[in-house]
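Colleague: Sharing a structure with you now.
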Amino acid sequence: MTATDELARGQYRSQQLLAREAAQQAQRAWRQIDPGDIAGSWRTLLAAFLKLFVGYQGAAVRGGIGYAGQVVDAAGAVRDPIGTVNPTSLVGVASDGRGLESLLQTPMIDTFADIQRGVTAEDALRSGLHRLVTITSTEVADAGRVATGLAVTADRAISGYVRIVTLPACGRCILLAGREYSHSTGFLRHPRCDCTMRPLTADEWDSPLPGTDPQEMFDQMTAEQQARAFTVAGARAIRDGADIGRVVNARRGMSTAAGPGGRKIRTTTEATTSRSVGRTLGQLRKTPGSRHRRSTVSRLMPEEIYWEAERLGWDREEIVRQLKRFGYIY
């Protein structure tokens with residue numbers, strides 16, 4: 001195993017540990033909800049949990065940024081940065097642009113919706129816990145992946161990245177294993193996806209990494225794992241010689257951000273005041289109840305900038321300029 005392979009494995013373990021610990025903290029908080037005062041007790045518990053959640057998100061971001069540079073060094077390349085990732089730009093905000101507090105209220109909203117449909121409070125709270133754990137683990141992993149993606153874009157020594165899939169995994173991810181993407185392409189994932197990326201230097205581009213071939217990964221799985229990932233009939237078809245790509249629709253259920261489905265522009269109002277990114281965005285305006293002026297220009301999320309780059313054919317310099325404009329890179 002090469003030094004870069006070991007770094008990729010280490011990044012995966014680190015990402016999983018942070019996501020798992022954050023999910024455990026979410027479970028502890030949710031299980032303290034008072035069934036007699038569900039909304040009130042969650043409001044109090046959420047305030048304390050949010051601080052912990054932001055801490056895990058920040059750790060994932062810092063780890064994701066450092067990982068990209070370490071891979072460049074291990075590959076024997078020379079770093080060529082054209083910007084520095086701003087870690088605070090990815091903390092406290094969800095991957096779909098919402099504030100974390102707003103996102104973490106959705107399991108409670110869903111819980112009350114279930115109760116109104118006649119579900120018992122116990123079952124509704126159990127479902128709410130599942131949604132909370134999904135949100136928590138997904139957002140922590142997303143923060144680390146987006147941070148690595150920004151670091152990839154900000155260093156000319158990195159041409160792009162390859163998708164690293166660790167078994168057990170779903171069929172959608174296995175089909176994408178080993179695929180290479182340019183520095184300007186957002187990372188496809190689904191809720192609770194645990195895949196990672198491995199930055200690639202120019203010398204490594206178009207050089208297949210061992211253990212990343214979908215068919216080889218399929219062959220390593222037990223029959224039970226194959227059935228779980230591809231369905232019983234799908235797994236049998238693949239064993240009989242069917243092409244994995246014809247069995248699985250690679251993009252079904254996958255998106256470049258863990259937000260609402262469909263092609264919706266992802267923006268955020270986080271850090272858009274005159275004291276932060278708002279200074280760069282311009283068009284500042286004071287709103288009632290606000291201490292500071294806030295920019296009226298929508299702040300695009302990193303993935304939305306990548307979408308625009310693909311649509312308009314931006315080169316790396318223009319992508320970095322836009323990332324700097326919106327405060328993700330210094």
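Naming scheme: A, B, ... for chains in displayed order of the structure tokens; residues 1 onward per chain; ligands 1 onward as shown.
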Tell me which protein, DNA and RNA residues are within 12 Å of A:Pro81, counting only C-alpha atoms, leaving out same-chain ones fewer than 3 positions away, and put them as a list in words.

Modeller: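 Counting only C-alpha atoms, the residues come to Ala68, Gly69, Val72, Val78, Thr84, Val85, Leu150, Ala151, Val152, Thr153, Ala154, Asp155, Arg156, Ala157, Ile158, Arg316, Glu317, Val320, Ile329 and Tyr330 of chain A.
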
Colleague: Write the residues you've just listed into a file as a compact mmCIF listing (two decimals), in the first residue's frame, and include C-alpha atoms for each of them.

Modeller:
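What follows is the written file again27.txt:
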# COMPACT_ATOMS: atom_id res chain seq x y z
CA ALA A 68 -5.55 17.31 0.31
CA GLY A 69 -2.17 18.87 1.02
CA VAL A 72 0.18 16.14 -2.70
CA VAL A 78 5.04 20.33 -5.26
CA THR A 84 -6.40 29.12 0.95
CA VAL A 85 -9.64 27.48 2.03
CA LEU A 150 -12.22 23.27 -2.16
CA ALA A 151 -8.63 22.40 -1.29
CA VAL A 152 -8.37 20.40 -4.52
CA THR A 153 -9.58 23.39 -6.55
CA ALA A 154 -7.25 25.80 -4.76
CA ASP A 155 -4.05 23.89 -5.61
CA ARG A 156 -2.79 23.68 -9.19
CA ALA A 157 -0.74 20.61 -8.23
CA ILE A 158 -4.03 18.66 -8.04
CA ARG A 316 -9.64 26.99 -12.64
CA GLU A 317 -8.70 30.66 -12.16
CA VAL A 320 -11.17 30.20 -7.64
CA ILE A 329 -11.20 30.71 -0.28
CA TYR A 330 -8.94 33.55 0.79

Colleague: Would you please give, as a ChimeraX atom specification, all residues of stretch 127-169 of chain A that DSSP assigns to strand (DSSP E) based on the backbone?

Modeller: /A:158-164

Colleague: Would you mind exporting the chosen residues as an mmCIF file, in the first residue's frame, restricted to N, CA and C atoms?

Modeller:
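result_36.cif, freshly written:
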data_model
loop_
_atom_site.group_PDB
_atom_site.id
_atom_site.type_symbol
_atom_site.label_atom_id
_atom_site.label_comp_id
_atom_site.auth_asym_id
_atom_site.auth_seq_id
_atom_site.Cartn_x
_atom_site.Cartn_y
_atom_site.Cartn_z
ATOM 1 N N ILE A 158 -3.002 19.703 -8.042
ATOM 2 C CA ILE A 158 -4.033 18.664 -8.040
ATOM 3 C C ILE A 158 -4.906 18.816 -9.276
ATOM 4 N N SER A 159 -5.004 17.752 -10.063
ATOM 5 C CA SER A 159 -5.805 17.786 -11.294
ATOM 6 C C SER A 159 -7.271 17.470 -11.034
ATOM 7 N N GLY A 160 -7.533 16.663 -10.031
ATOM 8 C CA GLY A 160 -8.897 16.268 -9.724
ATOM 9 C C GLY A 160 -8.903 15.274 -8.593
ATOM 10 N N TYR A 161 -9.867 14.359 -8.617
ATOM 11 C CA TYR A 161 -9.947 13.365 -7.550
ATOM 12 C C TYR A 161 -10.587 12.092 -8.071
ATOM 13 N N VAL A 162 -10.367 11.010 -7.340
ATOM 14 C CA VAL A 162 -10.982 9.736 -7.662
ATOM 15 C C VAL A 162 -11.900 9.351 -6.507
ATOM 16 N N ARG A 163 -13.025 8.733 -6.826
ATOM 17 C CA ARG A 163 -13.977 8.332 -5.786
ATOM 18 C C ARG A 163 -13.500 7.054 -5.118
ATOM 19 N N ILE A 164 -13.429 7.073 -3.798
ATOM 20 C CA ILE A 164 -13.026 5.909 -3.019
ATOM 21 C C ILE A 164 -14.256 5.348 -2.312
#

Colleague: Given the choices A:Leu52, A:Asn86, A:Val248, A:Gln105, which gets closest to A:Gly40 if the distance is worked out from only C-alpha atoms?

Modeller: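 Among the listed residues, the smallest separation from A:Gly40 belongs to A:Gln105.
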
Colleague: A:Ser95, A:Ser41, A:Gln226, A:Thr185: which is nearest A:Ile135, counting only C-alpha atoms?

Modeller: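 Of the candidates, the smallest distance to A:Ile135 is held by A:Ser95.
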